[in-house]
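Okay, final_0.cif now, which holds mmCIF, C-alpha atoms:
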```
data_structure
#
loop_
_atom_site.label_atom_id
_atom_site.label_comp_id
_atom_site.auth_asym_id
_atom_site.auth_seq_id
_atom_site.Cartn_x
_atom_site.Cartn_y
_atom_site.Cartn_z
CA MET A 1088 145.60 65.82 100.23
CA TYR A 1089 148.55 64.72 102.33
CA LEU A 1090 147.08 66.31 105.44
CA SER A 1091 143.76 64.52 104.99
CA ARG A 1092 145.52 61.20 104.41
CA PHE A 1093 147.65 61.69 107.51
CA LEU A 1094 144.64 62.58 109.64
CA SER A 1095 142.81 59.53 108.35
CA ILE A 1096 145.65 57.13 109.13
CA HIS A 1097 146.22 58.77 112.52
CA ALA A 1098 142.54 58.39 113.37
CA LEU A 1099 142.67 54.73 112.35
CA TRP A 1100 145.75 54.09 114.49
CA VAL A 1101 144.23 55.77 117.54
CA THR A 1102 140.97 53.90 117.06
CA VAL A 1103 142.68 50.51 116.78
CA SER A 1104 144.81 51.19 119.87
CA SER A 1105 141.87 52.49 121.88
CA VAL A 1106 139.66 49.55 121.02
CA MET A 1107 142.41 47.12 122.03
CA GLN A 1108 143.11 48.70 125.45
CA PRO A 1109 140.41 47.06 127.59
CA TYR A 1110 141.22 43.55 126.40
CA PRO A 1111 143.56 41.03 128.07
CA LEU A 1112 146.20 41.52 125.37
CA VAL A 1113 147.13 44.87 126.90
CA TRP A 1114 146.30 44.20 130.52
CA GLY A 1115 150.06 44.01 130.86
CA HIS A 1116 149.95 47.80 131.21
CA TYR A 1117 148.42 47.11 134.61
CA ASP A 1118 150.85 44.37 135.63
CA VAL A 1119 152.39 46.60 138.27
CA CYS A 1120 148.98 47.86 139.39
CA LYS A 1121 147.08 44.70 140.25
CA THR A 1122 146.37 42.48 143.21
CA GLN A 1123 144.86 39.03 143.68
CA ILE A 1124 141.40 38.94 145.21
CA TYR A 1125 139.04 36.10 146.06
CA THR A 1126 135.63 35.93 144.40
CA GLU A 1127 132.94 33.30 143.95
CA GLU A 1128 134.82 32.18 140.85
CA GLY A 1129 138.02 31.79 142.86
CA LYS A 1130 141.23 33.79 142.91
CA VAL A 1131 141.43 36.47 140.20
CA TRP A 1132 143.47 39.55 139.39
CA ASP A 1133 141.95 42.92 140.23
CA TYR A 1134 143.41 45.66 138.03
CA MET A 1135 143.49 49.10 139.58
CA ALA A 1136 144.91 52.57 139.28
CA CYS A 1137 148.68 52.94 139.26
CA GLN A 1138 149.50 55.12 142.26
CA PRO A 1139 152.21 55.14 144.94
CA GLU A 1140 151.44 54.11 148.51
CA SER A 1141 150.08 56.75 150.86
CA THR A 1142 152.70 57.79 153.41
CA ASP A 1143 153.74 60.48 155.91
CA MET A 1144 154.63 63.35 153.58
CA THR A 1145 156.27 65.45 156.32
CA LYS A 1146 159.43 63.36 155.78
CA TYR A 1147 159.93 65.06 152.43
CA LEU A 1148 158.95 68.69 152.98
CA LYS A 1149 160.86 71.91 153.45
CA VAL A 1150 159.56 74.40 156.00
CA LYS A 1151 159.85 78.18 155.84
CA LEU A 1152 158.73 80.72 158.43
CA ASP A 1153 157.78 84.31 157.75
CA PRO A 1154 158.98 86.49 159.36
CA PRO A 1155 162.16 84.37 159.41
CA ASP A 1156 163.20 85.61 162.88
CA ILE A 1157 159.87 84.82 164.54
CA THR A 1158 161.12 81.72 166.41
CA CYS A 1159 161.73 82.39 170.10
CA GLY A 1160 165.16 82.27 171.74
CA ASP A 1161 167.24 84.87 169.95
CA PRO A 1162 167.53 86.79 172.18
CA PRO A 1163 166.49 84.48 175.04
CA GLU A 1164 163.14 85.26 176.64
CA THR A 1165 160.79 83.93 179.28
CA PHE A 1166 157.17 82.95 178.64
CA CYS A 1167 154.14 81.89 180.63
CA ALA A 1168 153.32 78.17 180.46
CA MET A 1169 149.87 77.43 179.01
CA GLY A 1170 149.01 81.11 179.13
CA ASN A 1171 149.01 81.22 182.92
CA PRO A 1172 150.21 84.71 184.00
CA TYR A 1173 151.46 83.23 187.30
CA MET A 1174 153.75 80.67 185.65
CA CYS A 1175 156.07 82.90 183.64
CA ASN A 1176 159.40 81.30 184.48
CA ASN A 1177 159.80 79.13 181.34
CA GLU A 1178 162.73 80.07 179.15
CA CYS A 1179 163.39 79.86 175.41
CA ASP A 1180 167.05 80.10 174.42
CA ALA A 1181 168.15 79.25 170.87
CA SER A 1182 171.79 78.79 171.98
CA THR A 1183 170.90 76.00 174.45
CA PRO A 1184 169.60 72.78 172.82
CA GLU A 1185 167.46 71.87 175.84
CA LEU A 1186 165.76 75.28 175.76
CA ALA A 1187 165.55 75.81 171.97
CA HIS A 1188 162.35 75.39 169.95
CA PRO A 1189 163.35 75.40 166.24
CA PRO A 1190 160.87 74.69 163.39
CA GLU A 1191 162.06 71.12 162.76
CA LEU A 1192 160.55 70.10 166.11
CA MET A 1193 157.12 70.34 164.45
CA PHE A 1194 157.99 67.22 162.45
CA ASP A 1195 160.11 65.05 164.77
CA PHE A 1196 158.96 61.83 166.40
CA GLU A 1197 156.33 62.43 169.06
CA GLY A 1198 155.70 60.19 172.03
CA ARG A 1199 158.40 61.43 174.34
CA HIS A 1200 157.59 63.36 177.48
CA PRO A 1201 157.86 66.26 177.69
CA SER A 1202 156.93 66.77 174.04
CA THR A 1203 159.13 68.78 171.69
CA PHE A 1204 157.72 71.77 169.86
CA TRP A 1205 158.40 74.86 167.80
CA GLN A 1206 157.56 78.15 169.51
CA SER A 1207 157.24 81.72 168.32
CA ALA A 1208 158.40 84.83 170.13
CA THR A 1209 155.88 86.24 172.58
CA TRP A 1210 153.50 89.11 171.85
CA LYS A 1211 155.83 91.68 173.36
CA GLU A 1212 155.20 94.17 170.54
CA TYR A 1213 151.44 94.36 171.17
CA PRO A 1214 149.31 96.03 169.77
CA LYS A 1215 151.21 95.19 166.59
CA PRO A 1216 149.66 91.90 165.39
CA LEU A 1217 151.54 88.69 166.19
CA GLN A 1218 151.29 86.88 162.88
CA VAL A 1219 153.27 83.96 161.42
CA ASN A 1220 153.20 82.16 158.08
CA ILE A 1221 154.42 78.53 158.13
CA THR A 1222 154.94 77.27 154.57
CA LEU A 1223 155.35 73.55 153.83
CA SER A 1224 156.78 72.83 150.37
CA TRP A 1225 157.37 69.55 148.54
CA SER A 1226 158.60 70.77 145.12
CA LYS A 1227 156.25 68.08 143.84
CA THR A 1228 152.53 67.71 143.34
CA ILE A 1229 151.01 65.48 146.02
CA GLU A 1230 147.53 64.10 146.66
CA LEU A 1231 146.18 64.23 150.21
CA THR A 1232 144.76 60.95 151.51
CA ASP A 1233 144.07 61.66 155.18
CA ASN A 1234 143.25 64.54 157.51
CA ILE A 1235 145.80 67.31 158.01
CA VAL A 1236 146.35 67.43 161.78
CA ILE A 1237 148.09 70.28 163.64
CA THR A 1238 148.82 69.79 167.34
CA PHE A 1239 149.44 72.94 169.39
CA GLU A 1240 151.49 73.04 172.55
CA SER A 1241 150.06 76.47 173.28
CA GLY A 1242 146.38 77.29 173.06
CA ARG A 1243 144.88 76.97 169.61
CA PRO A 1244 144.89 80.33 167.81
CA ASP A 1245 141.89 82.62 167.88
CA GLN A 1246 142.29 83.16 164.13
CA MET A 1247 144.00 80.98 161.55
CA ILE A 1248 143.80 80.23 157.82
CA LEU A 1249 145.00 77.04 156.13
CA GLU A 1250 145.95 77.74 152.51
CA LYS A 1251 147.09 75.62 149.56
CA SER A 1252 149.03 76.17 146.37
CA LEU A 1253 148.93 74.16 143.16
CA ASP A 1254 151.77 76.05 141.46
CA TYR A 1255 154.68 75.77 143.91
CA GLY A 1256 153.75 78.83 145.96
CA ARG A 1257 153.20 81.33 143.16
CA THR A 1258 149.51 81.66 143.99
CA TRP A 1259 147.48 80.63 147.03
CA GLN A 1260 143.88 79.69 147.72
CA PRO A 1261 142.20 79.27 151.13
CA TYR A 1262 141.52 75.70 152.23
CA GLN A 1263 139.72 76.51 155.48
CA TYR A 1264 139.26 79.36 157.98
CA TYR A 1265 139.43 78.86 161.75
CA ALA A 1266 138.25 81.37 164.37
CA THR A 1267 136.61 81.75 167.75
CA ASP A 1268 134.19 84.11 165.99
CA CYS A 1269 133.96 83.52 162.21
CA LEU A 1270 131.60 86.39 161.57
CA ASP A 1271 133.84 88.90 163.36
CA ALA A 1272 137.14 87.59 162.04
CA PHE A 1273 136.33 86.69 158.41
CA HIS A 1274 132.74 87.88 157.81
CA MET A 1275 131.65 84.27 157.31
CA ASP A 1276 128.93 82.24 158.96
CA PRO A 1277 130.40 79.36 160.99
CA LYS A 1278 130.08 75.87 159.54
CA SER A 1279 131.53 72.42 159.99
CA VAL A 1280 132.24 69.73 157.39
CA LYS A 1281 129.10 67.94 158.57
CA ASP A 1282 127.10 70.84 157.11
CA LEU A 1283 128.41 70.06 153.62
CA SER A 1284 127.17 67.54 151.05
CA GLN A 1285 128.27 65.93 147.79
CA HIS A 1286 127.17 69.07 145.98
CA THR A 1287 128.94 71.53 148.33
CA VAL A 1288 132.00 69.46 149.26
CA LEU A 1289 134.32 71.99 147.57
CA GLU A 1290 132.95 74.92 149.57
CA ILE A 1291 135.51 76.85 151.60
CA ILE A 1292 134.17 77.22 155.15
CA CYS A 1293 135.03 78.93 158.40
CA THR A 1294 134.77 76.71 161.47
CA GLU A 1295 134.71 77.58 165.18
CA GLU A 1296 135.04 73.92 166.10
CA TYR A 1297 138.80 74.08 166.75
CA SER A 1298 139.27 77.45 168.43
CA THR A 1299 138.40 76.92 172.08
CA GLY A 1300 141.44 78.04 173.98
CA TYR A 1301 143.63 76.19 176.44
CA MET A 1302 141.80 73.03 177.50
CA THR A 1303 144.37 70.21 177.67
CA ASN A 1304 142.30 67.90 175.47
CA SER A 1305 141.75 70.65 172.90
CA LYS A 1306 145.14 71.13 171.30
CA ILE A 1307 144.35 69.72 167.87
CA ILE A 1308 143.16 71.36 164.65
CA HIS A 1309 141.94 69.22 161.73
CA PHE A 1310 141.41 69.75 158.06
CA GLU A 1311 139.02 66.91 157.33
CA ILE A 1312 139.95 64.97 154.19
CA LYS A 1313 138.27 61.67 155.07
CA ASP A 1314 134.97 63.31 156.03
CA ARG A 1315 134.89 64.79 152.53
CA PHE A 1316 135.73 61.40 150.99
CA ALA A 1317 132.82 59.95 152.97
CA PHE A 1318 130.26 62.00 151.02
CA PHE A 1319 130.98 59.66 148.10
CA ALA A 1320 132.41 56.49 149.70
CA GLY A 1321 130.09 56.24 152.71
CA PRO A 1322 130.81 56.84 156.42
CA TRP A 1323 133.27 53.94 156.67
CA LEU A 1324 134.80 54.58 153.22
CA ARG A 1325 133.68 51.14 152.06
CA ASN A 1326 132.41 52.24 148.66
CA MET A 1327 135.66 53.60 147.24
CA ALA A 1328 134.52 52.79 143.70
CA SER A 1329 131.94 55.57 144.03
CA LEU A 1330 134.63 58.03 145.13
CA TYR A 1331 136.96 56.88 142.35
CA GLY A 1332 134.18 57.33 139.81
CA GLN A 1333 133.78 60.94 140.93
CA LEU A 1334 137.53 61.56 140.86
CA ASP A 1335 137.71 60.10 137.34
CA THR A 1336 135.09 62.46 135.98
CA THR A 1337 135.46 65.63 138.09
CA LYS A 1338 138.75 67.52 137.71
CA LYS A 1339 137.77 70.13 140.31
CA LEU A 1340 137.35 67.35 142.88
CA ARG A 1341 140.76 65.88 142.03
CA ASP A 1342 142.36 69.30 142.25
CA PHE A 1343 140.74 69.99 145.63
CA PHE A 1344 142.76 67.20 147.23
CA THR A 1345 145.95 68.09 145.33
CA VAL A 1346 148.69 70.48 146.53
CA THR A 1347 152.29 71.42 145.94
CA ASP A 1348 152.49 73.56 149.09
CA LEU A 1349 150.51 74.23 152.26
CA ARG A 1350 150.60 77.43 154.28
CA ILE A 1351 149.45 77.83 157.88
CA ARG A 1352 148.67 81.47 158.59
CA LEU A 1353 148.58 82.17 162.32
CA LEU A 1354 146.79 85.51 162.63
CA ARG A 1355 145.95 85.91 166.33
CA PRO A 1356 147.16 83.83 169.29
CA ALA A 1357 144.86 82.28 171.87
CA VAL A 1358 143.74 85.13 174.08
CA GLY A 1359 140.98 83.38 175.98
CA GLU A 1360 139.29 86.64 176.97
CA ILE A 1361 137.78 89.60 175.18
CA PHE A 1362 140.72 91.86 176.06
CA VAL A 1363 144.47 91.28 175.83
CA ASP A 1364 146.24 91.32 179.21
CA GLU A 1365 148.86 93.97 178.47
CA LEU A 1366 150.58 93.39 181.83
CA HIS A 1367 151.41 89.77 180.93
CA LEU A 1368 152.17 89.74 177.20
CA ALA A 1369 154.55 86.78 177.72
CA ARG A 1370 151.49 84.54 177.95
CA TYR A 1371 150.65 85.05 174.27
CA PHE A 1372 152.57 83.08 171.63
CA TYR A 1373 152.21 80.16 169.20
CA ALA A 1374 153.65 76.71 169.82
CA ILE A 1375 153.19 73.63 167.60
CA SER A 1376 154.38 70.19 168.63
CA ASP A 1377 153.30 68.17 165.59
CA ILE A 1378 152.00 68.48 162.02
CA LYS A 1379 150.71 65.42 160.16
CA VAL A 1380 150.21 65.39 156.39
CA HIS A 1381 149.45 62.03 154.78
CA GLY A 1382 149.36 61.68 151.02
CA ARG A 1383 151.09 60.31 147.97
CA CYS A 1384 153.00 61.62 144.99
CA LYS A 1385 150.67 62.67 142.21
CA CYS A 1386 151.68 60.59 139.21
CA ASN A 1387 148.41 60.92 137.25
CA LEU A 1388 147.77 57.19 137.81
CA HIS A 1389 150.74 56.26 135.64
CA ALA A 1390 153.18 55.08 138.37
CA THR A 1391 153.24 52.93 141.48
CA VAL A 1392 156.62 54.10 142.76
CA CYS A 1393 157.77 57.55 143.83
CA VAL A 1394 161.44 57.82 144.78
CA TYR A 1395 163.12 60.38 147.02
CA ASP A 1396 166.60 61.11 145.73
CA ASN A 1397 168.78 64.21 146.10
CA SER A 1398 166.07 65.82 148.23
CA LYS A 1399 163.55 65.45 145.40
CA LEU A 1400 160.44 63.32 144.88
CA THR A 1401 160.03 61.81 141.41
CA CYS A 1402 157.48 59.42 139.91
CA GLU A 1403 158.82 56.30 138.17
CA CYS A 1404 156.44 56.53 135.23
CA GLU A 1405 154.76 53.60 133.47
CA HIS A 1406 152.48 53.51 130.40
CA ASN A 1407 155.05 55.26 128.15
CA THR A 1408 154.65 58.50 130.10
CA THR A 1409 157.29 60.86 131.44
CA GLY A 1410 157.73 64.04 133.48
CA PRO A 1411 157.75 64.77 137.24
CA ASP A 1412 154.05 63.85 137.48
CA CYS A 1413 153.99 61.48 134.45
CA GLY A 1414 152.13 64.35 132.82
CA LYS A 1415 153.11 63.83 129.19
CA CYS A 1416 153.84 61.08 126.68
CA LYS A 1417 157.37 59.98 125.93
CA LYS A 1418 159.02 60.89 122.66
CA ASN A 1419 157.77 58.62 119.87
CA TYR A 1420 154.69 57.73 121.98
CA GLN A 1421 152.51 60.68 121.04
CA GLY A 1422 150.07 58.82 118.83
CA ARG A 1423 147.20 60.47 120.68
CA PRO A 1424 146.90 63.20 123.34
CA TRP A 1425 148.16 62.36 126.83
CA SER A 1426 145.49 61.59 129.42
CA PRO A 1427 145.65 60.59 133.10
CA GLY A 1428 144.97 56.99 133.97
CA SER A 1429 141.68 55.88 135.44
CA TYR A 1430 141.00 55.25 139.13
CA LEU A 1431 138.50 52.55 138.21
CA PRO A 1432 139.82 49.09 137.32
CA ILE A 1433 139.54 47.45 133.93
CA PRO A 1434 137.09 47.07 132.22
CA LYS A 1435 135.38 50.18 133.63
CA GLY A 1436 138.59 52.16 133.61
CA THR A 1437 141.62 52.30 131.35
CA ALA A 1438 145.34 52.83 131.80
CA ASN A 1439 145.26 55.48 129.04
CA THR A 1440 148.64 54.26 127.87
CA CYS A 1441 150.52 56.52 125.49
CA ILE A 1442 150.69 54.84 122.08
CA PRO A 1443 153.44 55.01 119.45
CA SER A 1444 153.46 57.91 117.07
CA ILE A 1445 152.90 57.19 113.37
CA SER A 1446 156.39 58.56 112.69
CA SER A 1447 157.96 56.17 115.19
CA ILE A 1448 156.16 53.21 113.62
CA GLY A 1449 157.63 54.05 110.23
CA THR A 1450 161.20 53.98 111.52
CA ASN A 1451 161.23 50.21 112.11
CA VAL A 1452 159.74 49.00 108.84
CA CYS A 1453 160.79 45.33 108.80
CA ASP A 1454 162.50 42.60 110.80
CA ASN A 1455 162.96 38.87 110.56
CA GLU A 1456 160.36 37.95 113.16
CA LEU A 1457 157.05 39.80 112.76
CA LEU A 1458 157.38 42.25 109.92
CA HIS A 1459 158.63 40.05 107.06
CA CYS A 1460 159.31 41.46 103.63
CA GLN A 1461 156.93 39.70 101.25
CA ASN A 1462 157.24 38.17 97.80
CA GLY A 1463 160.95 37.45 98.10
CA GLY A 1464 161.97 40.86 99.42
CA THR A 1465 164.84 41.18 101.91
CA CYS A 1466 164.99 43.43 105.00
CA HIS A 1467 167.79 45.98 104.95
CA ASN A 1468 168.81 47.32 108.41
CA ASN A 1469 165.18 47.17 109.60
CA VAL A 1470 164.41 50.37 107.71
CA ARG A 1471 163.35 49.16 104.24
CA CYS A 1472 162.55 46.11 102.17
CA VAL A 1473 164.61 45.50 99.03
CA CYS A 1474 161.95 44.17 96.67
CA PRO A 1475 162.16 42.01 93.53
CA ALA A 1476 161.71 43.92 90.28
CA ALA A 1477 158.03 43.07 89.95
CA TYR A 1478 157.03 44.25 93.44
CA THR A 1479 156.97 47.47 95.42
CA GLY A 1480 155.52 48.83 98.68
CA ILE A 1481 156.78 49.04 102.24
CA LEU A 1482 156.79 45.24 102.60
CA CYS A 1483 156.97 44.42 98.88
CA GLU A 1484 153.27 43.70 99.07
CA LYS A 1485 152.22 45.49 95.84
CA LEU A 1486 152.67 44.65 92.18
CA ARG A 1487 154.39 47.39 90.25
CA CYS A 1488 151.92 46.95 87.42
CA GLU A 1489 149.09 47.86 89.81
CA GLU A 1490 150.56 51.29 90.29
CA ALA A 1491 150.85 51.72 86.52
CA GLY A 1492 147.37 50.31 85.99
CA SER A 1493 148.75 47.76 83.49
CA CYS A 1494 148.16 44.47 85.32
CA GLY A 1495 146.24 41.94 83.22
CA SER A 1496 146.02 38.34 82.30
CA ASP A 1497 148.75 38.81 79.71
CA SER A 1498 151.10 40.75 81.95
CA GLY A 1499 152.60 37.63 83.41
CA GLN A 1500 152.01 38.93 86.92
CA GLY A 1501 149.42 37.50 89.23
CA ALA A 1502 147.89 38.88 92.39
CA PRO A 1503 150.07 38.86 95.53
CA PRO A 1504 149.56 35.95 97.94
CA PRO A 1505 146.98 36.70 100.60
CA GLY A 1506 148.27 37.73 104.04
CA SER A 1507 146.71 37.87 107.44
CA LEU A 1508 144.27 40.67 108.26
CA ALA A 1509 146.59 42.04 110.94
CA LEU A 1510 149.53 42.18 108.56
CA LEU A 1511 147.49 43.84 105.86
CA LEU A 1512 146.23 46.45 108.30
CA LEU A 1513 149.76 47.11 109.55
CA SER A 1514 151.05 47.28 106.00
CA ALA A 1515 148.40 49.83 105.16
CA LEU A 1516 149.33 51.88 108.21
CA LEU A 1517 153.04 51.70 107.44
CA GLY A 1518 152.58 52.39 103.76
CA THR A 1519 150.49 55.46 104.31
CA ALA A 1520 152.77 56.78 107.04
CA SER A 1521 155.86 56.19 104.92
CA ALA A 1522 154.37 57.92 101.91
CA LEU A 1523 153.65 60.94 104.04
CA LEU A 1524 157.06 61.00 105.66
CA VAL A 1525 159.13 60.64 102.49
#
```
Could you quickly redo this structure as structure tokens?
Amino acid sequence: MYLSRFLSIHALWVTVSSVMQPYPLVWGHYDVCKTQIYTEEGKVWDYMACQPESTDMTKYLKVKLDPPDITCGDPPETFCAMGNPYMCNNECDASTPELAHPPELMFDFEGRHPSTFWQSATWKEYPKPLQVNITLSWSKTIELTDNIVITFESGRPDQMILEKSLDYGRTWQPYQYYATDCLDAFHMDPKSVKDLSQHTVLEIICTEEYSTGYMTNSKIIHFEIKDRFAFFAGPWLRNMASLYGQLDTTKKLRDFFTVTDLRIRLLRPAVGEIFVDELHLARYFYAISDIKVHGRCKCNLHATVCVYDNSKLTCECEHNTTGPDCGKCKKNYQGRPWSPGSYLPIPKGTANTCIPSISSIGTNVCDNELLHCQNGGTCHNNVRCVCPAAYTGILCEKLRCEEAGSCGSDSGQGAPPPGSLALLLLSALLGTASALLV
């Protein structure tokens, strides 16, 4: 009996809170997630998803190379510039700052000349494969908002895989394959993003578009985020509401653009010919001058601010949520299951605010402002009403004779004075909750 009563009152509380959410009374949940726009009716507030600004996420990552000693310069060695076997007088020396090429140079400010870059050791151990894993970790879930761009100082690799992790590097899934010959390297037919559609946007493809050797204007590899957005938002991304609608309803689509880590797997350097020139192995290596990753902290649409403190990214959660990604309800705000916020603005979307638990409502029974004790009762420490002898109930709203079934015209006790509908509903909620908790 108690279980059924509790479930009934819980269902009523959730229903009341849910019905109230879209209305102006609770638009305050979106106060930090709104902007003024101009319409035919004049200047109005546009309520939107709570999410941090998109930014350059390379400022917050940690990089790891495998094998760890793959960077050139220890011991010092010479290499051939741009793969030219007749220009092999360039030197890499880790002990000399001007000649060193450590991993952090993949993320420094570009625009200087000559450019700075990380460089691997040369392929001096051929025919053993020259392979490198470059892992980028954020220790935080992030959402990608723009293309991933990798700029090579050497030729672009003949074979490469971009991988992602959603569980901090415990497991990995391919994002995209890159090769001069997809069929030979990965047993996949070559495709480009332009070959995809709304229905196949999550397909993992192999592309030959970015594996064309040493041409000076061909140093860049892309993983196209915006082209995939465009399948829903249009070629100029002007219909973002359509994209947001898809993200709201399709978890697989949300997860596709979400990562905790990225891994660049360099599997074969740019050879440029069918056969490796074994007489000039110093011409084969990897060199990357820049990596761009734009995105935002994933806060499940429950925060607008993500702070970086003590080398850690953390969402400043709104809507009574908590956790690194605002992924659960706060204590005493578990009146219904947690849910992410909506990308779409009110009234089409909802903040999905966590609501108070029934148990937390019962702890603050009365006060002297909103929850008055009725019929002459007095509030004791906000936890109970001290009622006159003839009355009982959480707010002294019931006649004792009603409980005994002895109220009548000769009992000397009349009906309690009528209260507002809201107060009666709240009293019912509190009374039922209290009875269950006692």
Using the chain letters and numbers from the file, give me the residues hit by the PyMOL selection byres ((chain A and resi 1428) around 6), as JSON, numbers by chain. {"A": [1388, 1427, 1429, 1438, 1439]}
Prev. selection, C-alpha atoms, output as a PDB file, in the frame of the given file:
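Done, and the output landed in selection-v1.pdb:
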```
ATOM      1  CA  LEU A1388     147.770  57.190 137.810  1.00  0.00           C
ATOM      2  CA  PRO A1427     145.650  60.590 133.100  1.00  0.00           C
ATOM      3  CA  SER A1429     141.680  55.880 135.440  1.00  0.00           C
ATOM      4  CA  ALA A1438     145.340  52.830 131.800  1.00  0.00           C
ATOM      5  CA  ASN A1439     145.260  55.480 129.040  1.00  0.00           C
TER       6      ASN A1439
END
```
One decimal, Å: what's the distance from atom CA of Tyr1373 of chain A over to atom CA of Leu1148 of chain A, could you say?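 Those two atoms sit 21.0 Å apart.
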So that I can see what lies close to segment 1251-1253 of chain A, please list as a compact mmCIF listing (two decimals) with C-alpha atoms, in the coordinates of the input the residues with an atom at most 9 Å from it, counting only C-alpha atoms and leaving out residues fewer than 2 positions away in the same chain.
```
# COMPACT_ATOMS: atom_id res chain seq x y z
CA THR A 1228 152.53 67.71 143.34
CA LEU A 1249 145.00 77.04 156.13
CA TYR A 1255 154.68 75.77 143.91
CA GLY A 1256 153.75 78.83 145.96
CA ARG A 1257 153.20 81.33 143.16
CA THR A 1258 149.51 81.66 143.99
CA TRP A 1259 147.48 80.63 147.03
CA GLN A 1260 143.88 79.69 147.72
CA PRO A 1261 142.20 79.27 151.13
CA TYR A 1262 141.52 75.70 152.23
CA ASP A 1342 142.36 69.30 142.25
CA THR A 1345 145.95 68.09 145.33
CA VAL A 1346 148.69 70.48 146.53
CA THR A 1347 152.29 71.42 145.94
CA ASP A 1348 152.49 73.56 149.09
CA LEU A 1349 150.51 74.23 152.26
CA ARG A 1350 150.60 77.43 154.28
CA ILE A 1351 149.45 77.83 157.88
```
Evaluate the PyMOL selection byres ((chain A and resi 1154) around 9) and record the selected residues as a list in words, following the chain and residue labels used in the document. Leu1152, Asp1153, Pro1155, Asp1156, Ile1157, Thr1158, Gln1218, Val1219 and Asn1220 of chain A
Prev. selection, C-alpha atoms, output as a PDB file, keeping the file's coordinate frame:
```pdb
ATOM      1  CA  LEU A1152     158.730  80.720 158.430  1.00  0.00           C
ATOM      2  CA  ASP A1153     157.780  84.310 157.750  1.00  0.00           C
ATOM      3  CA  PRO A1155     162.160  84.370 159.410  1.00  0.00           C
ATOM      4  CA  ASP A1156     163.200  85.610 162.880  1.00  0.00           C
ATOM      5  CA  ILE A1157     159.870  84.820 164.540  1.00  0.00           C
ATOM      6  CA  THR A1158     161.120  81.720 166.410  1.00  0.00           C
ATOM      7  CA  GLN A1218     151.290  86.880 162.880  1.00  0.00           C
ATOM      8  CA  VAL A1219     153.270  83.960 161.420  1.00  0.00           C
ATOM      9  CA  ASN A1220     153.200  82.160 158.080  1.00  0.00           C
TER      10      ASN A1220
END
```
Interatomic distance (Å, one decimal) between atom CA of Glu1240 of chain A and atom CA of Ser1376 of chain A: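 That distance, rounded to one decimal, is 5.6 Å.
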Applying 8 Å and all atoms listed in the file, which residues near segment 1280-1291 of chain A remain after dropping the ones on its own chain fewer than 3 positions away? List them as a VMD selection string. chain A and resid 1261 to 1264 1311 1314 to 1315 1318 to 1319 1340 1343
Would you mind reading off the distance between atom CA of Cys1441 of chain A and atom CA of Asn1407 of chain A, one decimal, in Å?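 Value for the atom CA of Cys1441 of chain A-atom CA of Asn1407 of chain A distance: 5.4 Å.
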Excluding Glu1405 of chain A and residues on its chain fewer than 3 positions from it, collect all residues at most 8 Å away from it, counting all atoms listed in the file, and give them as a ChimeraX atom specification. /A:1116,1389-1390,1408-1409,1413
The PyMOL selection byres ((chain A and resi 1473) around 9) - which residues does that actually catch in the file I just gave you? List them as a list in words.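 Selected by the PyMOL selection byres ((chain A and resi 1473) around 9) in this file: Cys1460, Gly1463, Gly1464, Thr1465, Cys1466, His1467, Arg1471, Cys1472, Cys1474, Pro1475, Thr1479, Leu1482 and Cys1483 of chain A.
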Exercise: Glu1365 of chain A partners within 9 Å, all atoms listed in the file, chain neighbours under 6 positions left out, as an MDAnalysis selection string: chainID A and resid 1211 1213:1214
